[in-house]
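See below for the structure under consideration.
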Amino acid sequence: MAGLPKTKDDRTVTTTSQSDFKAEIEVIRSQTVAYSTDPEFHATWLGLTTKSTNLRAQQARAFGTLVGSVTKSLAGWRILDVGCGDGYWLRAFVELDAVPEHLIGIDVSDVLFEFARAKNPLITLRQTDGINIPYEDGCFDLVTQFVVFSAMPSAALRTQVAGEMSRVVKPGGFVFWWDLLTLPSADLNKSLCPSDYFDWPVREFAVGKLPRPSECLQHPERHGTFVAGLDRLGHPATHTAALIGPKP
């Protein structure tokens, strides 16, 4: 398991041209830059606010439930985080026994890379065209994405990136998905489903701002229909968490 995954040789591997999605990538890149300098965004989502801490807790619970169903440690796993931003989840994977040298983050913008490298210089960060993943086929055990697909304006770009994610996962490997239940802006109320982009087995569940009331009960299966009624009083679901794989 030693060493980093090899980058692919662009002379022998056909890639999709950036010009095919140029306008979309520029929109995503400009949004990333805007978020990086927005004090309100930082205070709300990166600080010790109720929204931020609840979101991180729900993400961690979902990741632990899904990925924890196939492994009890990330030791030895090669992991790629697509749309890594400031590298938060890559650093979190180190706390779950991943080796920093086995972790790679890619993003269309490098505006947060200096911050991320200051936190852990052993993790590899690479700016990409947002369309092609510059690594060889089947070299990662796990590829993750956190609210990346909902940031892509078109289904065509989402399909392209999903294909690249699938390509670089090794046989028997997985994709972890965390994203909005529905697409924003012009596609409001249109569902965003991992099964639309990956044809491997998908285990998924909807996640709200806080755990469902039934998740806080001991032996909820003993309470029958009472549990279903109780859950209707909880926070509505906003995101989908999914483990996709294993790759055939």
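By convention here, the chains of the structure tokens are called A, B, ... in the order presented, each chain's residues are numbered starting at 1, and ligands are numbered starting at 1 in the order presented.
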**Prompt:** Residues at most 10 Å from stretch 38-54 of chain A, counting only C-alpha atoms, excluding those fewer than 6 positions away in the same chain, as a PyMOL selection string?
**Reply:** chain A and resi 60+88+208-211
**Request:** Apply DSSP to the structure's backbone, then extract all residues of stretch 171-241 of chain A labelled strand (DSSP E) and return them as a PyMOL selection string.
**Result:** chain A and resi 171-180+202-208+237-241
Write a file of the just-selected residues containing C-alpha atoms, as a compact mmCIF listing (two decimals), in the first residue's frame.
# COMPACT_ATOMS: atom_id res chain seq x y z
CA PRO A 171 -12.44 -3.17 -7.91
CA GLY A 172 -14.01 -3.79 -4.51
CA GLY A 173 -13.68 -0.11 -3.59
CA PHE A 174 -16.32 2.45 -2.67
CA VAL A 175 -17.64 5.97 -3.18
CA PHE A 176 -19.00 7.91 -0.20
CA TRP A 177 -21.66 10.50 -1.11
CA TRP A 178 -22.93 13.39 1.00
CA ASP A 179 -25.09 15.89 -0.80
CA LEU A 180 -28.34 17.82 -0.83
CA VAL A 202 -26.12 1.88 -3.27
CA ARG A 203 -26.92 2.00 0.43
CA GLU A 204 -28.37 5.39 1.29
CA PHE A 205 -30.52 7.24 3.79
CA ALA A 206 -31.85 10.75 4.25
CA VAL A 207 -30.31 12.96 6.94
CA GLY A 208 -31.69 16.01 8.72
CA ALA A 237 -34.29 15.59 5.92
CA THR A 238 -32.02 17.93 3.95
CA HIS A 239 -29.22 15.65 2.72
CA THR A 240 -28.55 12.18 1.37
CA ALA A 241 -25.72 10.04 2.71
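The space separating atom CA of A:Phe149 from atom CA of A:Gly130 comes to 11.4 Å.
The interatomic distance for the pair atom CA of A:Leu217 and atom CA of A:Gln58 works out to 16.8 Å.
The smallest atom-to-atom distance between A:Ile28 and any of A:Glu164, A:Arg91, A:Val67, A:Leu157, using only C-alpha atoms, is found for A:Leu157.
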Which polymer residues have any atom within 12 Å of an atom of A:Gln160, counting only C-alpha atoms, with same-chain residues fewer than 4 positions away left out, as a CSV table (one decimal) with N, CA and C atoms, in the first residue's frame?
chain,number,residue,atom,x,y,z
A,15,THR,N,-9.1,12.2,-22.6
A,15,THR,CA,-9.8,13.0,-21.6
A,15,THR,C,-10.9,13.9,-22.2
A,16,THR,N,-11.8,14.3,-21.4
A,16,THR,CA,-12.8,15.2,-21.9
A,16,THR,C,-12.2,16.6,-21.9
A,17,SER,N,-12.4,17.4,-22.9
A,17,SER,CA,-11.9,18.7,-23.1
A,17,SER,C,-12.6,19.7,-22.1
A,18,GLN,N,-11.8,20.6,-21.5
A,18,GLN,CA,-12.3,21.5,-20.5
A,18,GLN,C,-13.3,22.5,-21.3
A,20,ASP,N,-15.6,21.8,-23.2
A,20,ASP,CA,-16.9,21.3,-23.2
A,20,ASP,C,-17.8,21.8,-22.0
A,21,PHE,N,-17.1,22.1,-20.9
A,21,PHE,CA,-17.8,22.5,-19.7
A,21,PHE,C,-17.2,23.8,-19.1
A,130,GLY,N,-11.6,20.2,-13.1
A,130,GLY,CA,-12.9,19.9,-12.6
A,130,GLY,C,-13.7,18.9,-13.5
A,131,ILE,N,-13.0,18.3,-14.4
A,131,ILE,CA,-13.7,17.4,-15.4
A,131,ILE,C,-13.1,16.1,-15.4
A,132,ASN,N,-11.7,16.1,-15.4
A,132,ASN,CA,-10.9,14.8,-15.4
A,132,ASN,C,-10.2,14.7,-14.1
A,133,ILE,N,-10.1,13.5,-13.6
A,133,ILE,CA,-9.3,13.1,-12.4
A,133,ILE,C,-8.0,12.6,-12.9
A,149,PHE,N,-21.7,17.5,-6.1
A,149,PHE,CA,-22.6,17.3,-7.2
A,149,PHE,C,-23.7,18.3,-7.3
A,152,MET,N,-22.7,21.4,-9.3
A,152,MET,CA,-22.5,21.4,-10.7
A,152,MET,C,-23.8,21.8,-11.4
A,154,SER,N,-25.0,21.3,-14.5
A,154,SER,CA,-25.7,20.4,-15.4
A,154,SER,C,-25.5,18.9,-15.1
A,155,ALA,N,-26.5,18.1,-15.5
A,155,ALA,CA,-26.5,16.7,-15.4
A,155,ALA,C,-25.3,16.1,-16.2
A,156,ALA,N,-25.0,16.7,-17.3
A,156,ALA,CA,-23.9,16.2,-18.1
A,156,ALA,C,-22.6,16.3,-17.4
A,164,GLU,N,-15.6,9.6,-13.9
A,164,GLU,CA,-14.2,9.7,-13.5
A,164,GLU,C,-14.0,9.1,-12.1
A,165,MET,N,-14.9,9.4,-11.2
A,165,MET,CA,-14.8,8.9,-9.9
A,165,MET,C,-14.8,7.3,-9.9
A,166,SER,N,-15.8,6.8,-10.7
A,166,SER,CA,-15.9,5.4,-10.9
A,166,SER,C,-14.6,4.8,-11.4
A,167,ARG,N,-14.0,5.4,-12.4
A,167,ARG,CA,-12.8,4.9,-13.1
A,167,ARG,C,-11.7,4.7,-12.1
A,197,TYR,N,-26.3,8.3,-11.1
A,197,TYR,CA,-24.9,8.5,-11.6
A,197,TYR,C,-24.0,7.3,-11.4
A,198,PHE,N,-24.4,6.4,-10.5
A,198,PHE,CA,-23.6,5.2,-10.3
A,198,PHE,C,-24.5,4.0,-10.4
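Closest approach to A:Val33 among A:Glu101, A:Asp110, A:Asp196, A:Asp81 is made by A:Asp110 (distances from only C-alpha atoms).
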**Message:** Can you tell me which residues surround A:Glu95 at a distance of at most 12 Å, considering only C-alpha atoms, apart from same-chain residues fewer than 4 positions away, and format the answer as number ranges by chain?
**Reply:** A: 60, 73-75, 88-91, 99-100
For the selection you just gave me, I'd like the residues written to a file as a PDB file, in the first residue's frame, keeping C-alpha atoms.
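Contents of again-v4.pdb, freshly written:
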ATOM      1  CA  ALA A  60     -19.573  12.131  10.888  1.00  0.00           C
ATOM      2  CA  SER A  73     -10.307   1.425  10.249  1.00  0.00           C
ATOM      3  CA  LEU A  74      -9.061   3.485   7.315  1.00  0.00           C
ATOM      4  CA  ALA A  75      -5.505   2.269   7.914  1.00  0.00           C
ATOM      5  CA  TYR A  88     -11.300  19.269   6.413  1.00  0.00           C
ATOM      6  CA  TRP A  89     -12.395  15.721   5.624  1.00  0.00           C
ATOM      7  CA  LEU A  90      -8.929  14.596   4.622  1.00  0.00           C
ATOM      8  CA  ARG A  91      -7.714  15.656   8.064  1.00  0.00           C
ATOM      9  CA  VAL A  99      -2.067   7.540   6.571  1.00  0.00           C
ATOM     10  CA  PRO A 100      -1.647  11.195   5.480  1.00  0.00           C
TER      11      PRO A 100
END
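Going from atom CA of A:Ile123 to atom CA of A:Gln145 covers 16.7 Å.
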**Asked** Which residues in chain A does DSSP call helix (DSSP H, G or I)? List them as an MDAnalysis selection string.
**Response** chainID A and resid 18:37 39:46 50:67 88:95 100:102 113:119 149:151 155:168 185:187 194:196 213:216 220:223 225:231
Go ahead and save the residues from that selection, with C-alpha atoms, as a short mmCIF file (atom, residue, chain, number, x, y, z; two decimals), in the first residue's frame.
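Saved result, selection37.cif, follows:
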data_model
loop_
_atom_site.label_atom_id
_atom_site.label_comp_id
_atom_site.auth_asym_id
_atom_site.auth_seq_id
_atom_site.Cartn_x
_atom_site.Cartn_y
_atom_site.Cartn_z
CA GLN A 18 -12.31 21.54 -20.54
CA SER A 19 -13.93 23.60 -23.32
CA ASP A 20 -16.94 21.25 -23.20
CA PHE A 21 -17.79 22.52 -19.70
CA LYS A 22 -15.79 25.76 -19.51
CA ALA A 23 -18.65 28.04 -18.45
CA GLU A 24 -19.84 25.64 -15.74
CA ILE A 25 -16.38 25.17 -14.27
CA GLU A 26 -15.86 28.92 -14.11
CA VAL A 27 -19.11 29.32 -12.19
CA ILE A 28 -18.03 26.66 -9.67
CA ARG A 29 -14.56 28.17 -9.35
CA SER A 30 -15.91 31.68 -8.77
CA GLN A 31 -18.32 30.39 -6.11
CA THR A 32 -15.45 28.65 -4.32
CA VAL A 33 -13.43 31.86 -4.28
CA ALA A 34 -16.43 33.83 -3.02
CA TYR A 35 -17.04 31.40 -0.15
CA SER A 36 -13.38 31.53 0.86
CA THR A 37 -13.55 35.27 1.49
CA PRO A 39 -16.97 36.23 6.61
CA GLU A 40 -20.62 35.30 7.07
CA PHE A 41 -20.08 31.92 5.39
CA HIS A 42 -17.03 31.30 7.58
CA ALA A 43 -18.86 32.29 10.76
CA THR A 44 -21.91 30.16 9.92
CA TRP A 45 -20.37 26.98 8.52
CA LEU A 46 -16.77 26.90 9.72
CA THR A 50 -25.10 25.56 16.02
CA LYS A 51 -25.47 25.04 12.27
CA SER A 52 -21.83 24.13 11.80
CA THR A 53 -21.53 21.74 14.74
CA ASN A 54 -24.81 19.99 13.95
CA LEU A 55 -23.83 19.56 10.30
CA ARG A 56 -20.40 18.14 11.12
CA ALA A 57 -21.91 15.76 13.66
CA GLN A 58 -24.48 14.45 11.18
CA GLN A 59 -21.83 14.02 8.49
CA ALA A 60 -19.57 12.13 10.89
CA ARG A 61 -22.41 9.87 12.02
CA ALA A 62 -23.38 9.07 8.43
CA PHE A 63 -19.79 8.39 7.40
CA GLY A 64 -19.23 6.21 10.45
CA THR A 65 -22.43 4.24 9.88
CA LEU A 66 -21.89 3.63 6.17
CA VAL A 67 -18.13 3.25 5.83
CA TYR A 88 -11.30 19.27 6.41
CA TRP A 89 -12.39 15.72 5.62
CA LEU A 90 -8.93 14.60 4.62
CA ARG A 91 -7.71 15.66 8.06
CA ALA A 92 -10.69 13.88 9.64
CA PHE A 93 -9.69 10.66 7.85
CA VAL A 94 -6.28 10.83 9.56
CA GLU A 95 -8.13 10.66 12.89
CA PRO A 100 -1.65 11.19 5.48
CA GLU A 101 0.56 10.16 2.56
CA HIS A 102 -2.31 8.00 1.24
CA PHE A 113 -4.86 24.98 -0.28
CA GLU A 114 -2.42 27.17 1.67
CA PHE A 115 -4.69 26.94 4.70
CA ALA A 116 -5.07 23.18 4.23
CA ARG A 117 -1.34 22.56 3.85
CA ALA A 118 -0.64 24.52 7.01
CA LYS A 119 -2.92 22.12 8.86
CA PHE A 149 -22.62 17.26 -7.24
CA SER A 150 -25.20 19.83 -6.20
CA ALA A 151 -22.69 22.57 -7.11
CA ALA A 155 -26.48 16.67 -15.35
CA ALA A 156 -23.90 16.24 -18.13
CA LEU A 157 -21.09 17.52 -15.90
CA ARG A 158 -22.30 15.43 -12.96
CA THR A 159 -22.31 12.35 -15.20
CA GLN A 160 -18.80 13.11 -16.44
CA VAL A 161 -17.39 13.54 -12.93
CA ALA A 162 -19.20 10.43 -11.64
CA GLY A 163 -17.64 8.46 -14.48
CA GLU A 164 -14.19 9.71 -13.52
CA MET A 165 -14.79 8.86 -9.87
CA SER A 166 -15.89 5.37 -10.86
CA ARG A 167 -12.84 4.92 -13.07
CA VAL A 168 -10.28 5.65 -10.35
CA SER A 185 -31.53 27.21 -8.09
CA ALA A 186 -33.15 26.44 -11.46
CA ASP A 187 -33.50 22.74 -10.61
CA PRO A 194 -26.60 8.82 -6.34
CA SER A 195 -28.21 5.94 -8.24
CA ASP A 196 -28.69 8.29 -11.21
CA PRO A 213 -35.96 11.06 17.55
CA SER A 214 -36.04 7.27 17.07
CA GLU A 215 -32.25 7.25 16.72
CA CYS A 216 -32.00 8.50 20.31
CA PRO A 220 -36.56 1.63 18.78
CA GLU A 221 -37.81 -1.53 17.06
CA ARG A 222 -39.82 -2.32 20.18
CA HIS A 223 -41.93 0.83 19.90
CA THR A 225 -45.77 2.69 15.00
CA PHE A 226 -45.03 5.08 17.84
CA VAL A 227 -41.52 5.52 16.42
CA ALA A 228 -42.80 6.54 12.99
CA GLY A 229 -45.05 9.15 14.54
CA LEU A 230 -42.27 10.42 16.73
CA ASP A 231 -39.93 10.83 13.77
#
